[in-house]
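Below is the file query.csv, which contains CSV, C-alpha atoms and all ligand atoms.
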chain,number,residue,atom,x,y,z
A,5,MET,CA,0.0,0.0,0.0
A,6,ARG,CA,1.5,3.3,-1.1
A,7,VAL,CA,0.6,6.5,0.8
A,8,ILE,CA,0.7,9.9,-0.8
A,9,ARG,CA,0.6,12.7,1.8
A,10,CYS,CA,-1.2,15.8,0.6
A,11,LYS,CA,-1.4,19.3,2.1
A,12,ASP,CA,-5.1,19.6,2.1
A,13,TYR,CA,-8.3,18.6,0.4
A,14,HIS,CA,-7.5,20.6,-2.8
A,15,ASP,CA,-4.0,19.0,-3.0
A,16,MET,CA,-5.5,15.5,-2.5
A,17,SER,CA,-8.2,16.1,-5.1
A,18,ARG,CA,-5.6,17.3,-7.7
A,19,LYS,CA,-3.3,14.4,-7.1
A,20,ALA,CA,-6.1,11.8,-7.3
A,21,ALA,CA,-7.4,13.4,-10.5
A,22,ASN,CA,-3.9,13.3,-11.9
A,23,ILE,CA,-3.7,9.5,-11.4
A,24,ILE,CA,-7.2,9.0,-13.0
A,25,SER,CA,-6.3,11.3,-15.8
A,26,ALA,CA,-3.2,9.4,-16.6
A,27,GLN,CA,-5.2,6.2,-16.6
A,28,VAL,CA,-7.6,7.6,-19.2
A,29,ILE,CA,-4.8,9.0,-21.3
A,30,LEU,CA,-3.0,5.7,-21.3
A,31,LYS,CA,-6.2,3.7,-22.0
A,32,PRO,CA,-8.9,5.9,-23.5
A,33,ASP,CA,-11.5,3.0,-23.1
A,34,ALA,CA,-10.6,2.5,-19.4
A,35,ILE,CA,-13.1,1.0,-17.0
A,36,LEU,CA,-13.3,3.2,-14.0
A,37,GLY,CA,-14.9,2.2,-10.7
A,38,LEU,CA,-16.4,5.3,-9.1
A,39,ALA,CA,-17.4,6.4,-5.6
A,40,THR,CA,-19.7,9.0,-4.0
A,41,GLY,CA,-19.4,11.0,-0.9
A,42,SER,CA,-17.8,14.3,-0.2
A,43,SER,CA,-14.2,13.0,-0.5
A,44,PRO,CA,-14.2,12.5,-4.3
A,45,ILE,CA,-16.2,15.6,-5.3
A,46,GLY,CA,-13.0,17.7,-5.6
A,47,THR,CA,-11.4,15.0,-7.7
A,48,TYR,CA,-14.4,15.0,-10.1
A,49,GLN,CA,-14.3,18.9,-10.2
A,50,GLN,CA,-10.6,18.7,-11.2
A,51,LEU,CA,-11.3,16.1,-13.9
A,52,ILE,CA,-14.1,18.3,-15.2
A,53,ASP,CA,-11.8,21.3,-15.4
A,54,TRP,CA,-9.2,19.3,-17.4
A,55,TYR,CA,-12.0,18.0,-19.6
A,56,LYS,CA,-13.1,21.6,-20.3
A,57,LYS,CA,-9.5,22.6,-21.2
A,58,GLY,CA,-9.4,19.7,-23.7
A,59,ASP,CA,-6.9,17.6,-21.7
A,60,ILE,CA,-9.1,14.5,-21.1
A,61,ASP,CA,-11.6,12.7,-23.3
A,62,PHE,CA,-14.2,10.5,-21.5
A,63,SER,CA,-16.0,9.5,-24.7
A,64,GLN,CA,-14.8,5.8,-24.6
A,65,VAL,CA,-14.7,5.5,-20.8
A,66,HIS,CA,-17.0,3.0,-19.0
A,67,THR,CA,-17.9,3.4,-15.3
A,68,TYR,CA,-19.2,1.2,-12.5
A,69,ASN,CA,-20.2,2.8,-9.3
A,70,LEU,CA,-19.8,1.1,-5.9
A,71,ASP,CA,-23.2,1.5,-4.4
A,72,GLU,CA,-26.7,2.9,-4.2
A,73,TYR,CA,-29.3,3.4,-1.5
A,74,ARG,CA,-32.0,0.7,-1.7
A,75,GLY,CA,-35.4,2.2,-2.4
A,76,LEU,CA,-34.3,5.4,-4.2
A,77,THR,CA,-35.0,5.8,-7.9
A,78,TYR,CA,-32.3,7.3,-10.2
A,79,GLU,CA,-34.2,10.6,-10.3
A,80,ASP,CA,-34.2,11.0,-6.5
A,81,PRO,CA,-31.9,13.9,-5.7
A,82,GLN,CA,-30.5,11.8,-2.8
A,83,SER,CA,-29.7,8.8,-5.0
A,84,TYR,CA,-26.1,8.1,-6.0
A,85,HIS,CA,-27.3,8.0,-9.6
A,86,TYR,CA,-28.3,11.6,-9.2
A,87,PHE,CA,-25.0,12.5,-7.4
A,88,MET,CA,-22.9,11.1,-10.2
A,89,ARG,CA,-24.8,13.0,-12.9
A,90,LYS,CA,-24.7,16.2,-10.9
A,91,ASN,CA,-21.1,16.0,-9.8
A,92,PHE,CA,-19.4,14.4,-12.8
A,93,PHE,CA,-21.3,12.7,-15.7
A,94,ASP,CA,-23.3,15.8,-16.8
A,95,SER,CA,-20.2,17.9,-17.1
A,96,VAL,CA,-18.0,15.7,-19.2
A,97,ASN,CA,-18.4,13.9,-22.6
A,98,ILE,CA,-19.1,10.5,-21.1
A,99,ASP,CA,-21.8,8.4,-22.8
A,100,LEU,CA,-24.4,7.9,-20.1
A,101,ALA,CA,-25.1,4.5,-21.6
A,102,ASN,CA,-21.6,3.5,-20.5
A,103,THR,CA,-22.2,4.5,-16.9
A,104,HIS,CA,-23.5,2.0,-14.3
A,105,VAL,CA,-24.8,2.3,-10.8
A,106,PRO,CA,-26.6,-0.4,-8.9
A,107,ASP,CA,-30.4,-0.1,-9.3
A,108,GLY,CA,-31.8,1.1,-6.0
A,109,ALA,CA,-35.3,0.9,-7.3
A,110,ASP,CA,-35.1,-2.8,-7.9
A,111,SER,CA,-36.8,-4.2,-4.9
A,112,ASP,CA,-35.7,-7.8,-5.8
A,113,ILE,CA,-32.5,-8.0,-3.9
A,114,GLU,CA,-31.3,-11.2,-5.6
A,115,HIS,CA,-31.9,-9.7,-9.1
A,116,ALA,CA,-30.4,-6.3,-8.3
A,117,CYS,CA,-27.2,-7.9,-6.9
A,118,THR,CA,-26.6,-10.7,-9.3
A,119,SER,CA,-27.3,-8.6,-12.4
A,120,TYR,CA,-24.8,-5.9,-11.3
A,121,ASP,CA,-22.2,-8.5,-10.5
A,122,ALA,CA,-22.7,-10.1,-13.9
A,123,MET,CA,-22.2,-6.8,-15.6
A,124,VAL,CA,-19.0,-5.9,-13.8
A,125,LYS,CA,-17.6,-9.4,-14.4
A,126,ALA,CA,-18.6,-9.3,-18.1
A,127,ALA,CA,-16.7,-6.0,-18.4
A,128,GLY,CA,-13.6,-7.7,-17.1
A,129,TYR,CA,-13.6,-5.8,-13.8
A,130,VAL,CA,-12.3,-2.3,-13.4
A,131,ASP,CA,-9.0,-0.8,-14.4
A,132,LEU,CA,-9.0,1.8,-11.7
A,133,GLN,CA,-11.2,1.9,-8.6
A,134,LEU,CA,-11.7,5.2,-6.8
A,135,LEU,CA,-12.7,4.8,-3.1
A,136,GLY,CA,-13.5,7.0,-0.2
A,137,ILE,CA,-13.5,5.6,3.4
A,138,GLY,CA,-16.3,5.8,6.0
A,139,ARG,CA,-15.5,6.9,9.6
A,140,ASN,CA,-15.9,3.2,10.7
A,141,GLY,CA,-13.5,2.0,7.9
A,142,HIS,CA,-16.2,1.0,5.4
A,143,ILE,CA,-15.6,1.0,1.7
A,144,GLY,CA,-18.5,1.3,-0.7
A,145,PHE,CA,-21.2,0.4,1.8
A,146,ASN,CA,-19.3,-2.7,3.1
A,147,GLU,CA,-19.8,-2.1,6.8
A,148,PRO,CA,-17.7,-3.7,9.6
A,149,ASP,CA,-18.7,-7.3,9.8
A,150,GLU,CA,-17.5,-10.8,10.9
A,151,VAL,CA,-16.5,-11.8,7.4
A,152,PHE,CA,-15.4,-10.0,4.2
A,153,SER,CA,-18.2,-9.9,1.6
A,154,LYS,CA,-17.8,-11.2,-1.9
A,155,GLY,CA,-20.1,-9.9,-4.6
A,156,THR,CA,-22.8,-7.2,-4.7
A,157,HIS,CA,-25.2,-7.5,-1.8
A,158,CYS,CA,-27.7,-5.7,0.3
A,159,VAL,CA,-26.5,-4.2,3.6
A,160,ASP,CA,-28.2,-2.8,6.6
A,161,LEU,CA,-26.4,0.5,7.2
A,162,THR,CA,-24.9,1.0,10.7
A,163,PRO,CA,-26.1,3.7,13.0
A,164,SER,CA,-22.8,5.5,12.6
A,165,THR,CA,-23.1,5.5,8.8
A,166,ILE,CA,-26.7,6.7,8.9
A,167,GLU,CA,-25.6,9.5,11.3
A,168,ALA,CA,-22.6,10.5,9.1
A,169,ASN,CA,-24.6,10.5,5.9
A,170,SER,CA,-27.6,12.3,7.5
A,171,ARG,CA,-25.8,15.6,6.8
A,172,LEU,CA,-26.9,15.2,3.2
A,173,PHE,CA,-30.6,14.7,4.1
A,174,ASP,CA,-33.1,16.9,5.8
A,175,SER,CA,-33.2,14.6,8.8
A,176,PRO,CA,-31.6,11.2,9.9
A,177,ASP,CA,-35.1,9.7,9.5
A,178,GLN,CA,-34.8,10.2,5.7
A,179,VAL,CA,-31.6,8.2,5.3
A,180,PRO,CA,-32.4,4.9,3.8
A,181,ARG,CA,-31.6,2.0,6.1
A,182,GLN,CA,-30.3,-0.3,3.4
A,183,ALA,CA,-28.0,-0.1,0.3
A,184,TYR,CA,-26.8,-2.2,-2.5
A,185,THR,CA,-23.0,-2.3,-2.6
A,186,MET,CA,-20.3,-4.0,-4.6
A,187,GLY,CA,-18.6,-6.6,-2.4
A,188,ILE,CA,-15.0,-6.6,-1.1
A,189,GLN,CA,-14.0,-9.4,-3.5
A,190,THR,CA,-15.3,-7.4,-6.5
A,191,ILE,CA,-13.4,-4.3,-5.3
A,192,MET,CA,-10.2,-6.3,-4.9
A,193,HIS,CA,-10.5,-7.4,-8.5
A,194,ALA,CA,-9.7,-3.8,-9.6
A,195,ARG,CA,-6.3,-3.6,-11.2
A,196,ARG,CA,-5.5,-0.4,-9.4
A,197,ILE,CA,-7.1,1.3,-6.4
A,198,ILE,CA,-6.9,4.9,-5.3
A,199,LEU,CA,-8.5,5.7,-1.9
A,200,VAL,CA,-9.0,9.4,-1.1
A,201,ALA,CA,-9.3,10.5,2.6
A,202,SER,CA,-9.6,14.0,4.1
A,203,GLY,CA,-10.1,15.4,7.5
A,204,THR,CA,-9.5,14.4,11.1
A,205,GLU,CA,-12.8,12.5,11.3
A,206,LYS,CA,-11.2,9.9,9.0
A,207,ALA,CA,-7.8,9.7,10.9
A,208,GLN,CA,-8.6,6.7,13.1
A,209,ALA,CA,-10.1,4.7,10.1
A,210,VAL,CA,-7.1,5.6,8.0
A,211,LYS,CA,-4.6,4.6,10.7
A,212,ASP,CA,-6.5,1.3,11.2
A,213,MET,CA,-6.6,0.7,7.4
A,214,ILE,CA,-2.9,1.2,6.9
A,215,TYR,CA,-1.4,-0.1,10.2
A,216,GLY,CA,-4.0,-2.3,11.8
A,217,PRO,CA,-4.7,-6.0,11.3
A,218,VAL,CA,-6.5,-7.1,8.2
A,219,THR,CA,-10.0,-7.7,9.5
A,220,PRO,CA,-13.6,-7.4,8.3
A,221,LYS,CA,-14.2,-5.2,11.3
A,222,VAL,CA,-12.2,-2.6,9.4
A,223,PRO,CA,-13.3,-3.4,5.8
A,224,ALA,CA,-10.7,-1.0,4.2
A,225,SER,CA,-7.9,-3.0,5.9
A,226,ILE,CA,-8.2,-5.6,3.2
A,227,LEU,CA,-6.6,-3.1,0.9
A,228,GLN,CA,-3.2,-3.9,2.5
A,229,LEU,CA,-3.4,-7.1,0.5
A,230,HIS,CA,-4.0,-5.4,-2.8
A,231,THR,CA,-0.9,-5.2,-5.1
A,232,ASN,CA,-1.6,-1.8,-6.5
A,233,CYS,CA,-3.4,0.4,-3.9
A,234,THR,CA,-2.5,4.0,-3.3
A,235,VAL,CA,-4.0,6.1,-0.4
A,236,VAL,CA,-4.1,9.8,-1.3
A,237,ALA,CA,-4.8,11.5,2.0
A,238,ASP,CA,-4.4,15.0,3.5
A,239,ALA,CA,-2.4,15.8,6.6
A,240,ALA,CA,-5.5,15.8,8.8
A,241,ALA,CA,-6.5,12.3,7.7
A,242,LEU,CA,-3.0,11.1,8.2
A,243,SER,CA,-2.6,12.8,11.6
A,244,LEU,CA,-2.5,9.5,13.5
A,245,CYS,CA,0.0,8.0,11.1
A,246,PRO,CA,3.4,9.3,12.1
A,247,ASN,CA,5.3,7.1,9.7
A,248,SER,CA,3.7,8.0,6.4
B,301,LIG,C1,-20.8,6.7,1.9
B,301,LIG,C2,-20.3,6.0,0.6
B,301,LIG,C3,-18.9,5.6,0.6
B,301,LIG,C4,-18.1,6.8,1.1
B,301,LIG,C5,-18.4,7.2,2.5
B,301,LIG,C6,-17.6,8.4,3.0
B,301,LIG,O1,-21.0,5.8,2.9
B,301,LIG,N1,-21.1,4.8,0.4
B,301,LIG,O2,-18.5,5.2,-0.7
B,301,LIG,O3,-16.7,6.5,1.0
B,301,LIG,O4,-19.8,7.6,2.4
B,301,LIG,O5,-18.2,9.6,2.5
B,301,LIG,P1,-17.5,11.0,2.7
B,301,LIG,O6,-16.4,11.0,1.6
B,301,LIG,O7,-18.6,12.0,2.4
B,301,LIG,O8,-16.9,11.1,4.0
Mind turning the file's structure into structure tokens?
Amino acid sequence: MRVIRCKDYHDMSRKAANIISAQVILKPDAILGLATGSSPIGTYQQLIDWYKKGDIDFSQVHTYNLDEYRGLTYEDPQSYHYFMRKNFFDSVNIDLANTHVPDGADSDIEHACTSYDAMVKAAGYVDLQLLGIGRNGHIGFNEPDEVFSKGTHCVDLTPSTIEANSRLFDSPDQVPRQAYTMGIQTIMHARRIILVASGTEKAQAVKDMIYGPVTPKVPASILQLHTNCTVVADAAALSLCPNS
């Protein structure tokens, strides 16, 4: 696991965007695994800026998002479908038909999960997976558990995740209690992983991810076993990691 220490959120976002940009320049039809949350928004903004300057072309890129709230349609402003269009897809020349997010409106859990897994597998898995990290060490919506998950599955969100994500809703009651998420095994299939982390509220999770034991109780700790994983984090997120 490589760690890139950044000054602040802006520096983190530019460095992460640089790596994604290099991936797309080297392989114009790259398959990107994308994430939601506040952490990658600056990365998307930087990529949009470079697209507008003519430096990056997304016309052949395909994307697979990590997760979606169960029960939200793609038009719902709180859905991750909507988030992706608003924060990235609508501002670059990506073909929306090449973008994929689990279908939160599919109430058939088995169908929603197996069909998403089949699509990611048929695509040959992703070239570069962008990840954020939850305060409890979750990636995607893979919450702390007794075992590492494999494929896409439905999760019950933990009270800490509901509380953390409630800032984006009018009240905690409105946060969906379940989500569909790619599993750990699918994430580990990515040929390269970039995890962005910013702020002191992530410091303990970042420390546990990098230095702690590999355990499903800190889902991100599995990334220690990935052969090409880079953590791009600001000084605040690395404040409990004196060695990096
Ligand atoms: C959600 C998402 C994760 C994201 C996490 C942290 O739970 N499912 O993919 O990493 O939030 O979000 P933020 O970057 O806003 O702290």
Report as CSV the residues of chain A within 8 Å of ligand LIG 301 (chain B), each with its shortest atom pair and distance in Å (one decimal), using only C-alpha atoms and all ligand atoms, ordered by chain and increasing residue number.
residue,atom,partner,partner_atom,distance
A:Ala39,CA,B:LIG301,O2,5.2
A:Thr40,CA,B:LIG301,O2,5.2
A:Gly41,CA,B:LIG301,O7,3.5
A:Ser42,CA,B:LIG301,O7,3.6
A:Ser43,CA,B:LIG301,O6,3.6
A:Pro44,CA,B:LIG301,O6,6.5
A:Leu70,CA,B:LIG301,O2,6.7
A:Asp71,CA,B:LIG301,N1,6.2
A:Glu72,CA,B:LIG301,N1,7.5
A:Leu135,CA,B:LIG301,O3,6.0
A:Gly136,CA,B:LIG301,O3,3.5
A:Ile137,CA,B:LIG301,O3,4.1
A:Gly138,CA,B:LIG301,C6,4.2
A:Arg139,CA,B:LIG301,C6,7.1
A:His142,CA,B:LIG301,O3,7.1
A:Ile143,CA,B:LIG301,O2,5.6
A:Gly144,CA,B:LIG301,O2,3.9
A:Phe145,CA,B:LIG301,N1,4.6
A:Thr165,CA,B:LIG301,O1,6.3
A:Ala168,CA,B:LIG301,O8,7.7
A:Asn169,CA,B:LIG301,O4,6.6
A:Thr185,CA,B:LIG301,N1,7.9
A:Ala201,CA,B:LIG301,O6,7.2
A:Ser202,CA,B:LIG301,O6,7.8
A:Lys206,CA,B:LIG301,O8,7.7
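Candidate residues A:Met186, A:Ala241, A:Ala21, A:Leu227 were compared for distance to Tyr129 in chain A, and the nearest is A:Met186, using only C-alpha atoms.
Across A:Val124, A:Val179, A:Leu134, A:Leu161, the tightest approach to Ser83 in chain A is made by A:Val179 when counting only C-alpha atoms.
Atom to atom, CA of Ala209 in chain A and CA of Val222 in chain A stand 7.6 Å apart.
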Pick from A:Ala122, A:Val210, A:Ile166, A:Val130, whichever lies nearest to Ala239 in chain A using all atoms listed in the file: A:Val210
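Taking CA of Asp94 in chain A as the reference point, CA of Tyr73 in chain A is found at 20.6 Å.
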Residues near Thr231 in chain A, anyone? I mean within 12 Å using all atoms listed in the file, not counting same-chain ones fewer than 4 positions away, as a VMD selection string. chain A and resid 5 to 6 192 to 198 226 to 227
Find the residue from A:Asp61, A:Asp174, A:Asp80, A:Asp53 that sits nearest to Ile29 in chain A; use all atoms listed in the file when measuring. A:Asp61
Residue neighbourhood Leu132 in chain A, 12 Å, all atoms listed in the file, exclusion window fewer than 6 positions, as a PyMOL selection string: chain A and resi 20-21+23-28+30-31+33-39+65-69+191-199+232-234
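The space between CA of Gly216 in chain A and CA of Cys245 in chain A spans 11.1 Å.
Checking A:His14, A:Arg89, A:Lys221, A:His115 one by one against Val151 in chain A, counting all atoms listed in the file, you find the shortest gap at A:Lys221.
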Go through A:Ile214, A:Leu76, A:Leu229, A:Met16 one by one, measure the shortest atom-to-atom distance of each to Pro246 in chain A using all atoms listed in the file, and give the residue with the smallest value. A:Ile214
Met123 in chain A: which residues within 12 Å, counting all atoms listed in the file, same-chain residues fewer than 2 positions away excluded, as a PDB file with C-alpha atoms, in the coordinates of the input?
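New file result24.pdb:
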ATOM      1  CA  HIS A  66     -17.000   3.000 -19.000  1.00  0.00           C
ATOM      2  CA  THR A  67     -17.900   3.400 -15.300  1.00  0.00           C
ATOM      3  CA  TYR A  68     -19.200   1.200 -12.500  1.00  0.00           C
ATOM      4  CA  ASN A  69     -20.200   2.800  -9.300  1.00  0.00           C
ATOM      5  CA  ASN A 102     -21.600   3.500 -20.500  1.00  0.00           C
ATOM      6  CA  THR A 103     -22.200   4.500 -16.900  1.00  0.00           C
ATOM      7  CA  HIS A 104     -23.500   2.000 -14.300  1.00  0.00           C
ATOM      8  CA  VAL A 105     -24.800   2.300 -10.800  1.00  0.00           C
ATOM      9  CA  PRO A 106     -26.600  -0.400  -8.900  1.00  0.00           C
ATOM     10  CA  ALA A 116     -30.400  -6.300  -8.300  1.00  0.00           C
ATOM     11  CA  CYS A 117     -27.200  -7.900  -6.900  1.00  0.00           C
ATOM     12  CA  THR A 118     -26.600 -10.700  -9.300  1.00  0.00           C
ATOM     13  CA  SER A 119     -27.300  -8.600 -12.400  1.00  0.00           C
ATOM     14  CA  TYR A 120     -24.800  -5.900 -11.300  1.00  0.00           C
ATOM     15  CA  ASP A 121     -22.200  -8.500 -10.500  1.00  0.00           C
ATOM     16  CA  LYS A 125     -17.600  -9.400 -14.400  1.00  0.00           C
ATOM     17  CA  ALA A 126     -18.600  -9.300 -18.100  1.00  0.00           C
ATOM     18  CA  ALA A 127     -16.700  -6.000 -18.400  1.00  0.00           C
ATOM     19  CA  GLY A 128     -13.600  -7.700 -17.100  1.00  0.00           C
ATOM     20  CA  TYR A 129     -13.600  -5.800 -13.800  1.00  0.00           C
ATOM     21  CA  VAL A 130     -12.300  -2.300 -13.400  1.00  0.00           C
ATOM     22  CA  GLY A 155     -20.100  -9.900  -4.600  1.00  0.00           C
ATOM     23  CA  THR A 156     -22.800  -7.200  -4.700  1.00  0.00           C
ATOM     24  CA  MET A 186     -20.300  -4.000  -4.600  1.00  0.00           C
ATOM     25  CA  THR A 190     -15.300  -7.400  -6.500  1.00  0.00           C
TER      26      THR A 190
END
Got a sec: who's within 8 Å of Val7 in chain A, counting all atoms listed in the file, leaving out chain neighbours fewer than 3 positions off, as a PyMOL selection string? chain A and resi 234-237+248
For range 108-120 of chain A, which lacks atoms in the input, supply N, CA and C atoms and format the output as a compact mmCIF listing (two decimals), in the frame of the given file.
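Listed below is the output, rebuild_19.txt:
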# COMPACT_ATOMS: atom_id res chain seq x y z
N GLY A 108 -31.14 1.03 -7.29
CA GLY A 108 -31.80 1.10 -6.00
C GLY A 108 -33.27 0.87 -6.02
N ALA A 109 -33.86 1.10 -7.19
CA ALA A 109 -35.30 0.90 -7.30
C ALA A 109 -35.73 -0.50 -7.53
N ASP A 110 -34.75 -1.38 -7.75
CA ASP A 110 -35.10 -2.80 -7.90
C ASP A 110 -35.27 -3.42 -6.55
N SER A 111 -36.52 -3.74 -6.23
CA SER A 111 -36.80 -4.20 -4.90
C SER A 111 -36.42 -5.72 -4.74
N ASP A 112 -36.14 -6.36 -5.86
CA ASP A 112 -35.70 -7.80 -5.80
C ASP A 112 -34.22 -7.82 -5.57
N ILE A 113 -33.88 -8.08 -4.32
CA ILE A 113 -32.50 -8.00 -3.90
C ILE A 113 -31.60 -8.94 -4.73
N GLU A 114 -32.07 -10.18 -4.88
CA GLU A 114 -31.30 -11.20 -5.60
C GLU A 114 -31.01 -10.71 -7.05
N HIS A 115 -32.05 -10.19 -7.69
CA HIS A 115 -31.90 -9.70 -9.10
C HIS A 115 -30.97 -8.51 -9.15
N ALA A 116 -31.20 -7.54 -8.27
CA ALA A 116 -30.40 -6.30 -8.30
C ALA A 116 -28.90 -6.65 -8.15
N CYS A 117 -28.60 -7.57 -7.24
CA CYS A 117 -27.20 -7.90 -6.90
C CYS A 117 -26.55 -8.75 -7.99
N THR A 118 -27.24 -9.82 -8.39
CA THR A 118 -26.60 -10.70 -9.30
C THR A 118 -26.45 -10.07 -10.71
N SER A 119 -27.41 -9.23 -11.10
CA SER A 119 -27.30 -8.60 -12.40
C SER A 119 -26.14 -7.58 -12.41
N TYR A 120 -25.95 -6.88 -11.31
CA TYR A 120 -24.80 -5.90 -11.30
C TYR A 120 -23.49 -6.64 -11.29
